>>> print(open('work08.txt').read())   # compact mmCIF, C-alpha atoms and all ligand atoms
# COMPACT_ATOMS: atom_id res chain seq x y z
CA MET A 8 -134.92 88.82 163.17
CA PHE A 9 -134.31 92.51 163.52
CA GLN A 10 -136.88 95.28 163.32
CA VAL A 11 -137.03 98.93 164.22
CA LYS A 12 -140.39 100.43 165.07
CA ASP A 13 -141.29 104.09 164.89
CA LEU A 14 -137.88 105.38 165.91
CA VAL A 15 -137.88 109.04 166.81
CA LYS A 16 -134.79 110.99 167.78
CA THR A 17 -134.94 114.61 168.79
CA TYR A 18 -131.70 116.28 169.81
CA ARG A 19 -132.13 119.12 172.25
CA PRO A 20 -128.92 121.13 172.14
CA LYS A 21 -128.42 123.63 174.93
CA LYS A 22 -129.57 127.15 174.07
CA ALA A 23 -130.49 126.13 170.51
CA GLU A 24 -133.57 124.92 168.70
CA PRO A 25 -134.35 121.18 168.91
CA VAL A 26 -133.30 119.05 165.94
CA PHE A 27 -135.80 116.47 164.70
CA ALA A 28 -133.24 114.01 163.36
CA LEU A 29 -135.60 111.01 163.00
CA ARG A 30 -139.34 111.45 162.72
CA GLY A 31 -140.61 107.87 163.00
CA VAL A 32 -138.63 105.21 161.18
CA SER A 33 -139.84 101.60 160.93
CA ILE A 34 -137.94 98.89 159.06
CA ASP A 35 -138.11 95.08 158.98
CA PHE A 36 -134.80 93.45 158.15
CA GLY A 37 -134.14 89.90 156.97
CA GLU A 38 -131.52 87.60 158.47
CA THR A 39 -128.96 88.23 155.76
CA GLY A 40 -128.26 90.51 152.80
CA MET A 41 -126.71 93.87 152.11
CA VAL A 42 -129.06 96.75 152.88
CA PHE A 43 -128.09 100.31 151.99
CA ILE A 44 -129.53 103.34 153.71
CA LEU A 45 -129.05 106.24 151.33
CA GLY A 46 -129.59 109.90 152.07
CA LYS A 47 -128.08 113.33 151.86
CA SER A 48 -125.88 114.76 154.55
CA GLY A 49 -128.01 115.64 157.57
CA SER A 50 -130.89 113.32 156.62
CA GLY A 51 -130.44 111.25 159.79
CA LYS A 52 -128.40 108.26 158.56
CA SER A 53 -125.78 108.20 161.31
CA THR A 54 -128.41 108.84 163.94
CA LEU A 55 -130.40 105.85 162.67
CA LEU A 56 -127.33 103.63 162.57
CA HIS A 57 -126.32 104.60 166.11
CA LEU A 58 -129.80 103.86 167.41
CA MET A 59 -129.97 100.53 165.56
CA GLY A 60 -126.59 99.52 166.97
CA GLY A 61 -127.50 100.46 170.52
CA LEU A 62 -124.85 103.18 170.62
CA ASP A 63 -127.49 105.77 171.49
CA VAL A 64 -131.08 105.60 172.72
CA PRO A 65 -134.13 106.87 170.83
CA THR A 66 -136.45 109.59 172.09
CA SER A 67 -139.22 107.07 171.40
CA GLY A 68 -139.71 103.85 169.49
CA GLU A 69 -137.98 100.51 169.84
CA LEU A 70 -135.70 97.86 168.39
CA VAL A 71 -137.01 94.31 168.24
CA ILE A 72 -134.23 91.75 168.35
CA ASP A 73 -135.20 88.08 168.02
CA GLY A 74 -138.65 88.99 169.28
CA LYS A 75 -137.47 90.98 172.29
CA SER A 76 -138.21 94.69 172.55
CA SER A 77 -135.45 97.10 173.52
CA LYS A 78 -138.04 98.60 175.86
CA ASP A 79 -137.49 95.52 178.03
CA PHE A 80 -133.71 95.70 177.79
CA SER A 81 -131.62 96.15 180.92
CA LYS A 82 -128.30 97.97 180.71
CA GLU A 83 -126.64 94.52 180.53
CA ASP A 84 -128.88 93.51 177.62
CA PHE A 85 -127.77 96.63 175.73
CA ASP A 86 -124.10 95.97 176.48
CA ASP A 87 -124.57 92.40 175.34
CA TYR A 88 -126.29 93.46 172.14
CA ARG A 89 -123.52 95.93 171.28
CA ASN A 90 -120.73 93.54 172.21
CA THR A 91 -121.92 90.28 170.70
CA TYR A 92 -124.81 90.83 168.28
CA ALA A 93 -123.64 93.97 166.51
CA GLY A 94 -120.35 94.76 164.77
CA PHE A 95 -119.42 98.29 163.72
CA VAL A 96 -117.43 99.80 160.88
CA PHE A 97 -116.97 103.56 160.65
CA GLN A 98 -115.79 106.00 158.01
CA GLU A 99 -112.83 107.03 160.12
CA TYR A 100 -112.01 103.43 161.12
CA ASN A 101 -111.96 104.19 164.88
CA LEU A 102 -108.94 101.96 165.48
CA LEU A 103 -106.97 102.63 168.63
CA PRO A 104 -103.84 104.43 167.36
CA GLU A 105 -101.53 103.51 170.25
CA PHE A 106 -102.21 99.80 169.79
CA THR A 107 -100.93 97.43 167.10
CA VAL A 108 -103.23 95.66 164.65
CA TYR A 109 -102.93 92.54 166.80
CA GLU A 110 -103.79 94.43 169.98
CA ASN A 111 -106.78 96.16 168.36
CA LEU A 112 -108.22 92.75 167.50
CA ALA A 113 -107.25 91.20 170.83
CA LEU A 114 -109.07 93.99 172.62
CA ALA A 115 -112.26 93.29 170.67
CA LEU A 116 -112.17 89.69 171.93
CA GLN A 117 -111.41 90.75 175.49
CA LEU A 118 -114.34 93.18 175.48
CA GLN A 119 -116.49 90.12 174.86
CA GLY A 120 -114.93 88.40 177.85
CA LYS A 121 -112.95 86.07 175.58
CA ARG A 122 -109.27 85.21 175.52
CA ALA A 123 -107.09 86.97 172.93
CA ASP A 124 -106.61 83.92 170.76
CA ARG A 125 -103.76 84.18 168.21
CA GLU A 126 -105.43 81.72 165.82
CA LYS A 127 -108.68 83.66 165.84
CA ILE A 128 -106.88 86.93 165.20
CA ARG A 129 -104.90 85.45 162.29
CA GLU A 130 -108.06 83.95 160.84
CA SER A 131 -109.97 87.23 161.02
CA LEU A 132 -107.15 88.98 159.13
CA LYS A 133 -107.29 86.25 156.51
CA ARG A 134 -111.03 86.73 156.13
CA VAL A 135 -110.49 90.38 155.19
CA GLU A 136 -107.64 89.36 152.87
CA LEU A 137 -105.04 91.30 154.78
CA GLU A 138 -101.51 90.01 154.94
CA LEU A 139 -99.25 92.24 156.95
CA ASP A 140 -97.15 92.28 160.04
CA GLU A 141 -99.76 92.51 162.76
CA LYS A 142 -97.28 94.39 164.96
CA ARG A 143 -97.85 97.48 162.83
CA ARG A 144 -99.92 100.36 164.14
CA PRO A 145 -102.87 102.00 162.35
CA ASN A 146 -100.86 105.08 161.29
CA GLU A 147 -98.49 102.73 159.43
CA LEU A 148 -101.33 101.44 157.21
CA SER A 149 -103.15 102.76 154.13
CA GLY A 150 -106.80 103.79 154.41
CA GLY A 151 -107.97 100.58 152.76
CA GLN A 152 -105.80 98.48 155.09
CA LYS A 153 -107.14 100.33 158.13
CA GLN A 154 -110.70 99.65 157.00
CA ARG A 155 -109.87 95.96 156.54
CA VAL A 156 -108.56 95.84 160.11
CA ALA A 157 -111.73 97.58 161.28
CA ILE A 158 -113.83 94.97 159.45
CA ALA A 159 -111.72 92.18 160.96
CA ARG A 160 -112.36 93.72 164.36
CA ALA A 161 -116.11 93.66 163.71
CA LEU A 162 -116.01 90.07 162.37
CA ILE A 163 -113.93 88.62 165.18
CA LYS A 164 -116.94 89.08 167.46
CA ASP A 165 -118.95 86.91 165.04
CA PRO A 166 -121.85 89.39 165.07
CA LYS A 167 -125.24 88.71 163.50
CA ILE A 168 -125.40 92.23 162.12
CA ILE A 169 -122.64 94.48 160.76
CA PHE A 170 -123.42 98.19 160.86
CA ALA A 171 -121.25 100.32 158.59
CA ASP A 172 -121.43 104.13 158.57
CA GLU A 173 -120.02 105.50 155.29
CA PRO A 174 -117.34 102.77 155.24
CA THR A 175 -115.92 104.03 151.94
CA GLY A 176 -116.26 107.74 152.68
CA ALA A 177 -112.55 108.30 153.23
CA LEU A 178 -111.34 105.98 150.45
CA ASP A 179 -110.74 106.37 146.70
CA GLU A 180 -113.23 104.65 144.42
CA GLY A 181 -111.22 101.50 143.71
CA THR A 182 -110.40 100.91 147.36
CA GLY A 183 -114.01 101.65 148.28
CA SER A 184 -115.25 99.05 145.79
CA ALA A 185 -112.92 96.44 147.26
CA ILE A 186 -114.22 97.18 150.77
CA LEU A 187 -117.85 96.86 149.61
CA THR A 188 -117.07 93.61 147.76
CA LEU A 189 -115.67 92.28 151.02
CA LEU A 190 -118.70 93.40 153.06
CA LYS A 191 -120.97 91.93 150.40
CA SER A 192 -119.27 88.54 150.77
CA PHE A 193 -120.16 88.49 154.48
CA SER A 194 -123.78 89.43 153.74
CA ARG A 195 -124.48 85.86 152.61
CA GLU A 196 -124.47 84.77 156.23
CA LYS A 197 -124.98 88.03 158.12
CA LEU A 198 -127.12 91.10 157.85
CA VAL A 199 -124.94 93.97 156.62
CA ILE A 200 -126.42 97.47 156.92
CA VAL A 201 -124.47 100.18 155.11
CA VAL A 202 -125.19 103.88 155.45
CA SER A 203 -124.01 105.87 152.44
CA HIS A 204 -124.67 108.92 150.30
CA ASP A 205 -123.28 107.13 147.22
CA ARG A 206 -126.15 105.97 145.02
CA GLU A 207 -123.88 104.28 142.50
CA PHE A 208 -122.32 102.06 145.15
CA ALA A 209 -125.75 101.34 146.64
CA GLU A 210 -127.15 100.23 143.30
CA LYS A 211 -124.13 98.11 142.52
CA TYR A 212 -123.79 96.32 145.88
CA GLY A 213 -127.15 96.61 147.64
CA ASP A 214 -129.81 93.90 147.78
CA ARG A 215 -132.17 96.52 149.11
CA ILE A 216 -132.01 100.31 149.21
CA LEU A 217 -133.86 102.45 151.72
CA GLU A 218 -133.80 106.20 151.29
CA LEU A 219 -133.90 108.63 154.14
CA ALA A 220 -134.84 112.29 153.76
CA ASP A 221 -135.32 114.71 156.63
CA GLY A 222 -135.63 111.93 159.19
CA ARG A 223 -138.12 109.79 157.27
CA ILE A 224 -137.91 106.73 155.00
CA VAL A 225 -139.05 107.94 151.59
CA SER A 226 -138.40 104.82 149.54
CA ASP A 227 -137.63 101.14 149.99
CA SER A 228 -136.68 99.05 146.98
CA ALA A 229 -135.39 95.53 146.44
CA MET A 230 -132.63 95.25 143.86
CA LEU A 231 -132.74 92.50 141.26
P1 LIG B 1 -126.31 112.13 158.35
O1 LIG B 1 -125.51 111.02 158.95
O2 LIG B 1 -127.35 111.67 157.39
O3 LIG B 1 -125.45 113.19 157.75
P2 LIG B 1 -126.98 112.76 161.12
O4 LIG B 1 -127.77 111.60 161.63
O5 LIG B 1 -125.57 112.87 161.52
O6 LIG B 1 -127.14 112.83 159.52
O7 LIG B 1 -127.72 114.10 161.57
C1 LIG B 1 -129.11 114.33 161.41
C2 LIG B 1 -129.45 115.69 162.00
O8 LIG B 1 -129.24 115.67 163.40
C3 LIG B 1 -128.58 116.83 161.47
O9 LIG B 1 -129.38 117.99 161.37
C4 LIG B 1 -127.51 116.98 162.53
O10 LIG B 1 -127.02 118.31 162.57
C5 LIG B 1 -128.30 116.65 163.79
N1 LIG B 1 -127.46 116.08 164.87
C6 LIG B 1 -126.71 114.95 164.81
N2 LIG B 1 -126.12 114.70 166.00
C7 LIG B 1 -126.50 115.72 166.82
C8 LIG B 1 -126.23 116.05 168.18
N3 LIG B 1 -125.47 115.27 168.96
N4 LIG B 1 -126.80 117.16 168.69
C9 LIG B 1 -127.61 117.94 167.93
N5 LIG B 1 -127.90 117.69 166.65
C10 LIG B 1 -127.36 116.59 166.09
MG MG B 2 -123.47 110.60 158.93
>>> encode(input="work08.txt", output="structure tokens", more="lines below")
Ligand code: ADP
Ligand code: MG
Amino acid sequence: MFQVKDLVKTYRPKKAEPVFALRGVSIDFGETGMVFILGKSGSGKSTLLHLMGGLDVPTSGELVIDGKSSKDFSKEDFDDYRNTYAGFVFQEYNLLPEFTVYENLALALQLQGKRADREKIRESLKRVELELDEKRRPNELSGGQKQRVAIARALIKDPKIIFADEPTGALDEGTGSAILTLLKSFSREKLVIVVSHDREFAEKYGDRILELADGRIVSDSAML
């Protein structure tokens, strides 16, 4: 079970006015399903995703993960949450360019303190329907292929939650649809949270759509 309670994030840039990026966001998530968080640019989507994934800390408020409050988290608990519970997919893929596909996936396992297991790596590439020479590097792949590797890298950790920040933002519509179809298939057994500004995609693929405006949730609807 995953909840966020009254998350507030205020950025205080040096020599500039504070930015009230999140003004108190509370959401209860189920165990599985594809949840979209829709909102215009600047509405606070990435900030919310980063806080939910433990990549940044809120000004106030908390995450509740399997009944435990992030207020009681040690630094190790946060590392553990990020490394084993949460998987991340970003618009710009965030693959390591100097490493091969294989090495990018191996590294994800090693960051979890696991052995880089060839079988596991092959299997994760199969799960994202990617057949290519895993000795290739990210700059030798198409955008859609890079995003599939990024999803494989998230999946190989076997996370309970996948957080995706505009995963189709750099892709053409057809490739974007294929990526969302893939993420949707994993949402039968995991919680998949997708941040997007694309209402059409949200309505087509989402089981639930939350809308964010100016740092607040302004609507929450279940899709039929
Ligand atoms: P979105 O992802 O919906 O476009 P963001 O969460 O990136 O929105 O940003 C929300 C607001 O917070 C924006 O006004 C943005 O300029 C501001 N913001 C984001 N990150 C920072 C930062 N590190 N420092 C100051 N302001 C920031
Ligand atoms: Mg953003």
>>> closest_atom_pairs(input="work08.txt", of="chain A", to="ligand MG 2 (chain B)", cutoff="10 Å", atoms="only C-alpha atoms and all ligand atoms", output="CSV")
residue,atom,partner,partner_atom,distance
A:Gly46,CA,B:MG2,MG,9.2
A:Lys47,CA,B:MG2,MG,8.9
A:Ser48,CA,B:MG2,MG,6.5
A:Gly49,CA,B:MG2,MG,6.9
A:Ser50,CA,B:MG2,MG,8.2
A:Gly51,CA,B:MG2,MG,7.1
A:Lys52,CA,B:MG2,MG,5.5
A:Ser53,CA,B:MG2,MG,4.1
A:Thr54,CA,B:MG2,MG,7.3
A:Leu55,CA,B:MG2,MG,9.2
A:Leu56,CA,B:MG2,MG,8.8
A:His57,CA,B:MG2,MG,9.8
A:Phe97,CA,B:MG2,MG,9.7
A:Gln98,CA,B:MG2,MG,9.0
A:Asp172,CA,B:MG2,MG,6.8
A:Glu173,CA,B:MG2,MG,7.2
A:Gly176,CA,B:MG2,MG,10.0
A:Val202,CA,B:MG2,MG,7.8
A:Ser203,CA,B:MG2,MG,8.0
A:His204,CA,B:MG2,MG,8.9
>>> closest_residue(input="work08.txt", among="A:Ser131, A:Ser33, A:Ser228, A:Ser194", to="Ala161 (chain A)", atoms="all atoms listed in the file")
A:Ser131
>>> residues_around(input="work08.txt", residues="Ala209 (chain A)", least_positions_apart="5", cutoff="8 Å", atoms="all atoms listed in the file", output="PyMOL selection string")
chain A and resi 43+45+203+216
>>> closest_residue(input="work08.txt", among="A:Leu116, A:Ile168, A:Val199, A:Ile163", to="Val135 (chain A)", atoms="all atoms listed in the file")
A:Ile163
>>> closest_atom_pairs(input="work08.txt", of="region 15-35 of chain A", to="region 67-89 of chain A", cutoff="9 Å", atoms="all atoms listed in the file", output="CSV")
residue,atom,partner,partner_atom,distance
A:Val15,CA,A:Ser67,CA,5.2
A:Lys16,CA,A:Ser67,CA,6.9
A:Gly31,CA,A:Gly68,CA,7.7
A:Val32,CA,A:Gly68,CA,8.5
A:Ser33,CA,A:Gly68,CA,8.9
>>> write_last_selection(input="work08.txt", atoms="C-alpha atoms", output="compact mmCIF listing (two decimals), in the frame of the given file")
# COMPACT_ATOMS: atom_id res chain seq x y z
CA VAL A 15 -137.88 109.04 166.81
CA LYS A 16 -134.79 110.99 167.78
CA GLY A 31 -140.61 107.87 163.00
CA VAL A 32 -138.63 105.21 161.18
CA SER A 33 -139.84 101.60 160.93
>>> closest_residue(input="work08.txt", among="A:Gly151, A:Pro166, A:Gly94, A:Gly222", to="Ser184 (chain A)", atoms="all atoms listed in the file")
A:Gly151
>>> residues_around(input="work08.txt", residues="Asp35 (chain A)", least_positions_apart="5", cutoff="7 Å", atoms="all atoms listed in the file", output="list in words")
Phe9, Gln10 and Val11 of chain A
>>> write_last_selection(input="work08.txt", atoms="C-alpha atoms", output="PDB file, keeping the file's coordinate frame")
ATOM      1  CA  PHE A   9    -134.310  92.510 163.520  1.00  0.00           C
ATOM      2  CA  GLN A  10    -136.880  95.280 163.320  1.00  0.00           C
ATOM      3  CA  VAL A  11    -137.030  98.930 164.220  1.00  0.00           C
TER       4      VAL A  11
END
>>> atom_distance(input="work08.txt", atom1="atom N3 of ligand LIG 1 (chain B)", atom2="CA of Pro20 (chain A)")
7.5 Å
>>> closest_residue(input="work08.txt", among="A:Lys21, A:Arg144, A:Arg215, A:Arg129", to="Ala159 (chain A)", atoms="all atoms listed in the file")
A:Arg129
>>> closest_residue(input="work08.txt", among="A:Gly213, A:Gly40, A:Pro25, A:Gly181", to="ligand LIG 1 (chain B)", atoms="only C-alpha atoms and all ligand atoms")
A:Pro25
>>> axis_aligned_box(input="work08.txt", around="region 124-137 of chain A", padding_each_side="6 Å", output="lines of an AutoDock Vina configuration file")
center_x = -107.4
center_y = 86.5
center_z = 161.8
size_x = 19.3
size_y = 21.6
size_z = 29.9
>>> atom_distance(input="work08.txt", atom1="CA of Ala185 (chain A)", atom2="CA of Phe95 (chain A)")
17.8 Å
>>> closest_residue(input="work08.txt", among="A:Lys153, A:Lys167, A:Arg206, A:Lys191", to="Gly37 (chain A)", atoms="only C-alpha atoms")
A:Lys167
>>> atom_distance(input="work08.txt", atom1="CA of Thr188 (chain A)", atom2="CA of Ile169 (chain A)")
14.2 Å
>>> residues_around(input="work08.txt", residues="Leu132 (chain A)", least_positions_apart="3", cutoff="9 Å", atoms="only C-alpha atoms", output="PDB file with C-alpha atoms, in the coordinates of the input")
ATOM      1  CA  LYS A 127    -108.680  83.660 165.840  1.00  0.00           C
ATOM      2  CA  ILE A 128    -106.880  86.930 165.200  1.00  0.00           C
ATOM      3  CA  ARG A 129    -104.900  85.450 162.290  1.00  0.00           C
ATOM      4  CA  VAL A 135    -110.490  90.380 155.190  1.00  0.00           C
ATOM      5  CA  GLU A 136    -107.640  89.360 152.870  1.00  0.00           C
ATOM      6  CA  LEU A 137    -105.040  91.300 154.780  1.00  0.00           C
ATOM      7  CA  GLU A 138    -101.510  90.010 154.940  1.00  0.00           C
ATOM      8  CA  LEU A 139     -99.250  92.240 156.950  1.00  0.00           C
ATOM      9  CA  GLU A 141     -99.760  92.510 162.760  1.00  0.00           C
ATOM     10  CA  ARG A 155    -109.870  95.960 156.540  1.00  0.00           C
ATOM     11  CA  VAL A 156    -108.560  95.840 160.110  1.00  0.00           C
ATOM     12  CA  ILE A 158    -113.830  94.970 159.450  1.00  0.00           C
ATOM     13  CA  ALA A 159    -111.720  92.180 160.960  1.00  0.00           C
ATOM     14  CA  ARG A 160    -112.360  93.720 164.360  1.00  0.00           C
TER      15      ARG A 160
END
>>> decode(input="work08.txt", residues="region 138-150 of chain A", atoms="all heavy atoms", output="PDB file, in the first residue's frame")
ATOM      1  N   GLU A 138      14.701  -7.149 -29.108  1.00  0.00           N
ATOM      2  CA  GLU A 138      15.693  -8.117 -29.555  1.00  0.00           C
ATOM      3  C   GLU A 138      16.776  -7.355 -30.274  1.00  0.00           C
ATOM      4  O   GLU A 138      16.568  -6.854 -31.373  1.00  0.00           O
ATOM      5  CB  GLU A 138      15.053  -9.140 -30.487  1.00  0.00           C
ATOM      6  CG  GLU A 138      14.343 -10.236 -29.722  1.00  0.00           C
ATOM      7  CD  GLU A 138      13.757 -11.266 -30.654  1.00  0.00           C
ATOM      8  OE1 GLU A 138      14.493 -11.765 -31.526  1.00  0.00           O
ATOM      9  OE2 GLU A 138      12.553 -11.556 -30.500  1.00  0.00           O
ATOM     10  N   LEU A 139      17.904  -7.215 -29.627  1.00  0.00           N
ATOM     11  CA  LEU A 139      19.025  -6.560 -30.290  1.00  0.00           C
ATOM     12  C   LEU A 139      20.301  -7.038 -29.636  1.00  0.00           C
ATOM     13  O   LEU A 139      20.274  -7.691 -28.592  1.00  0.00           O
ATOM     14  CB  LEU A 139      18.883  -5.036 -30.218  1.00  0.00           C
ATOM     15  CG  LEU A 139      18.558  -4.363 -28.894  1.00  0.00           C
ATOM     16  CD1 LEU A 139      19.706  -4.436 -27.918  1.00  0.00           C
ATOM     17  CD2 LEU A 139      18.232  -2.896 -29.148  1.00  0.00           C
ATOM     18  N   ASP A 140      21.395  -6.706 -30.279  1.00  0.00           N
ATOM     19  CA  ASP A 140      22.694  -7.057 -29.726  1.00  0.00           C
ATOM     20  C   ASP A 140      22.937  -6.185 -28.501  1.00  0.00           C
ATOM     21  O   ASP A 140      23.044  -4.966 -28.612  1.00  0.00           O
ATOM     22  CB  ASP A 140      23.768  -6.809 -30.800  1.00  0.00           C
ATOM     23  CG  ASP A 140      25.143  -7.252 -30.329  1.00  0.00           C
ATOM     24  OD1 ASP A 140      25.352  -7.388 -29.096  1.00  0.00           O
ATOM     25  OD2 ASP A 140      26.004  -7.466 -31.200  1.00  0.00           O
ATOM     26  N   GLU A 141      22.997  -6.843 -27.355  1.00  0.00           N
ATOM     27  CA  GLU A 141      23.066  -6.081 -26.098  1.00  0.00           C
ATOM     28  C   GLU A 141      24.435  -5.424 -25.887  1.00  0.00           C
ATOM     29  O   GLU A 141      24.653  -4.766 -24.878  1.00  0.00           O
ATOM     30  CB  GLU A 141      22.681  -6.996 -24.928  1.00  0.00           C
ATOM     31  CG  GLU A 141      23.667  -8.093 -24.708  1.00  0.00           C
ATOM     32  CD  GLU A 141      23.064  -9.466 -24.403  1.00  0.00           C
ATOM     33  OE1 GLU A 141      21.852  -9.668 -24.526  1.00  0.00           O
ATOM     34  OE2 GLU A 141      23.853 -10.337 -24.035  1.00  0.00           O
ATOM     35  N   LYS A 142      25.337  -5.619 -26.865  1.00  0.00           N
ATOM     36  CA  LYS A 142      26.625  -4.918 -26.786  1.00  0.00           C
ATOM     37  C   LYS A 142      26.550  -3.520 -27.402  1.00  0.00           C
ATOM     38  O   LYS A 142      27.518  -2.781 -27.399  1.00  0.00           O
ATOM     39  CB  LYS A 142      27.726  -5.746 -27.465  1.00  0.00           C
ATOM     40  CG  LYS A 142      28.099  -6.988 -26.641  1.00  0.00           C
ATOM     41  CD  LYS A 142      29.397  -7.631 -27.072  1.00  0.00           C
ATOM     42  CE  LYS A 142      29.287  -8.433 -28.358  1.00  0.00           C
ATOM     43  NZ  LYS A 142      28.323  -9.555 -28.295  1.00  0.00           N
ATOM     44  N   ARG A 143      25.350  -3.173 -27.932  1.00  0.00           N
ATOM     45  CA  ARG A 143      25.204  -1.818 -28.471  1.00  0.00           C
ATOM     46  C   ARG A 143      25.079  -0.794 -27.347  1.00  0.00           C
ATOM     47  O   ARG A 143      24.695  -1.116 -26.234  1.00  0.00           O
ATOM     48  CB  ARG A 143      23.984  -1.757 -29.396  1.00  0.00           C
ATOM     49  CG  ARG A 143      24.341  -2.287 -30.775  1.00  0.00           C
ATOM     50  CD  ARG A 143      23.159  -2.766 -31.523  1.00  0.00           C
ATOM     51  NE  ARG A 143      22.341  -1.670 -32.022  1.00  0.00           N
ATOM     52  CZ  ARG A 143      21.230  -1.863 -32.743  1.00  0.00           C
ATOM     53  NH1 ARG A 143      20.813  -3.087 -33.009  1.00  0.00           N
ATOM     54  NH2 ARG A 143      20.548  -0.840 -33.172  1.00  0.00           N
ATOM     55  N   ARG A 144      25.427   0.445 -27.699  1.00  0.00           N
ATOM     56  CA  ARG A 144      25.339   1.534 -26.729  1.00  0.00           C
ATOM     57  C   ARG A 144      24.091   2.376 -27.016  1.00  0.00           C
ATOM     58  O   ARG A 144      23.571   2.360 -28.135  1.00  0.00           O
ATOM     59  CB  ARG A 144      26.594   2.413 -26.805  1.00  0.00           C
ATOM     60  CG  ARG A 144      27.787   1.726 -26.213  1.00  0.00           C
ATOM     61  CD  ARG A 144      29.095   2.450 -26.454  1.00  0.00           C
ATOM     62  NE  ARG A 144      30.174   1.474 -26.483  1.00  0.00           N
ATOM     63  CZ  ARG A 144      30.774   0.999 -25.400  1.00  0.00           C
ATOM     64  NH1 ARG A 144      30.461   1.471 -24.213  1.00  0.00           N
ATOM     65  NH2 ARG A 144      31.711   0.077 -25.504  1.00  0.00           N
ATOM     66  N   PRO A 145      23.626   3.115 -26.006  1.00  0.00           N
ATOM     67  CA  PRO A 145      22.388   3.892 -26.178  1.00  0.00           C
ATOM     68  C   PRO A 145      22.365   4.759 -27.435  1.00  0.00           C
ATOM     69  O   PRO A 145      21.331   4.820 -28.105  1.00  0.00           O
ATOM     70  CB  PRO A 145      22.343   4.747 -24.907  1.00  0.00           C
ATOM     71  CG  PRO A 145      23.016   3.899 -23.884  1.00  0.00           C
ATOM     72  CD  PRO A 145      24.122   3.184 -24.615  1.00  0.00           C
ATOM     73  N   ASN A 146      23.485   5.394 -27.796  1.00  0.00           N
ATOM     74  CA  ASN A 146      23.432   6.287 -28.973  1.00  0.00           C
ATOM     75  C   ASN A 146      23.337   5.514 -30.289  1.00  0.00           C
ATOM     76  O   ASN A 146      23.226   6.118 -31.352  1.00  0.00           O
ATOM     77  CB  ASN A 146      24.597   7.280 -28.985  1.00  0.00           C
ATOM     78  CG  ASN A 146      25.943   6.618 -29.186  1.00  0.00           C
ATOM     79  OD1 ASN A 146      26.026   5.390 -29.325  1.00  0.00           O
ATOM     80  ND2 ASN A 146      27.004   7.401 -29.217  1.00  0.00           N
ATOM     81  N   GLU A 147      23.368   4.168 -30.205  1.00  0.00           N
ATOM     82  CA  GLU A 147      23.177   3.352 -31.401  1.00  0.00           C
ATOM     83  C   GLU A 147      21.745   2.787 -31.471  1.00  0.00           C
ATOM     84  O   GLU A 147      21.470   1.883 -32.244  1.00  0.00           O
ATOM     85  CB  GLU A 147      24.197   2.212 -31.414  1.00  0.00           C
ATOM     86  CG  GLU A 147      25.632   2.743 -31.530  1.00  0.00           C
ATOM     87  CD  GLU A 147      26.679   1.784 -31.006  1.00  0.00           C
ATOM     88  OE1 GLU A 147      26.329   0.779 -30.368  1.00  0.00           O
ATOM     89  OE2 GLU A 147      27.873   2.072 -31.231  1.00  0.00           O
ATOM     90  N   LEU A 148      20.848   3.343 -30.649  1.00  0.00           N
ATOM     91  CA  LEU A 148      19.463   2.857 -30.595  1.00  0.00           C
ATOM     92  C   LEU A 148      18.494   3.978 -30.955  1.00  0.00           C
ATOM     93  O   LEU A 148      18.798   5.151 -30.790  1.00  0.00           O
ATOM     94  CB  LEU A 148      19.128   2.386 -29.170  1.00  0.00           C
ATOM     95  CG  LEU A 148      20.047   1.353 -28.528  1.00  0.00           C
ATOM     96  CD1 LEU A 148      19.557   1.048 -27.121  1.00  0.00           C
ATOM     97  CD2 LEU A 148      20.111   0.090 -29.361  1.00  0.00           C
ATOM     98  N   SER A 149      17.295   3.589 -31.410  1.00  0.00           N
ATOM     99  CA  SER A 149      16.228   4.581 -31.639  1.00  0.00           C
ATOM    100  C   SER A 149      15.667   5.020 -30.290  1.00  0.00           C
ATOM    101  O   SER A 149      15.909   4.381 -29.260  1.00  0.00           O
ATOM    102  CB  SER A 149      15.121   3.947 -32.475  1.00  0.00           C
ATOM    103  OG  SER A 149      14.416   2.996 -31.694  1.00  0.00           O
ATOM    104  N   GLY A 150      14.876   6.088 -30.307  1.00  0.00           N
ATOM    105  CA  GLY A 150      14.249   6.573 -29.073  1.00  0.00           C
ATOM    106  C   GLY A 150      13.395   5.506 -28.406  1.00  0.00           C
ATOM    107  O   GLY A 150      13.473   5.281 -27.197  1.00  0.00           O
TER     108      GLY A 150
END
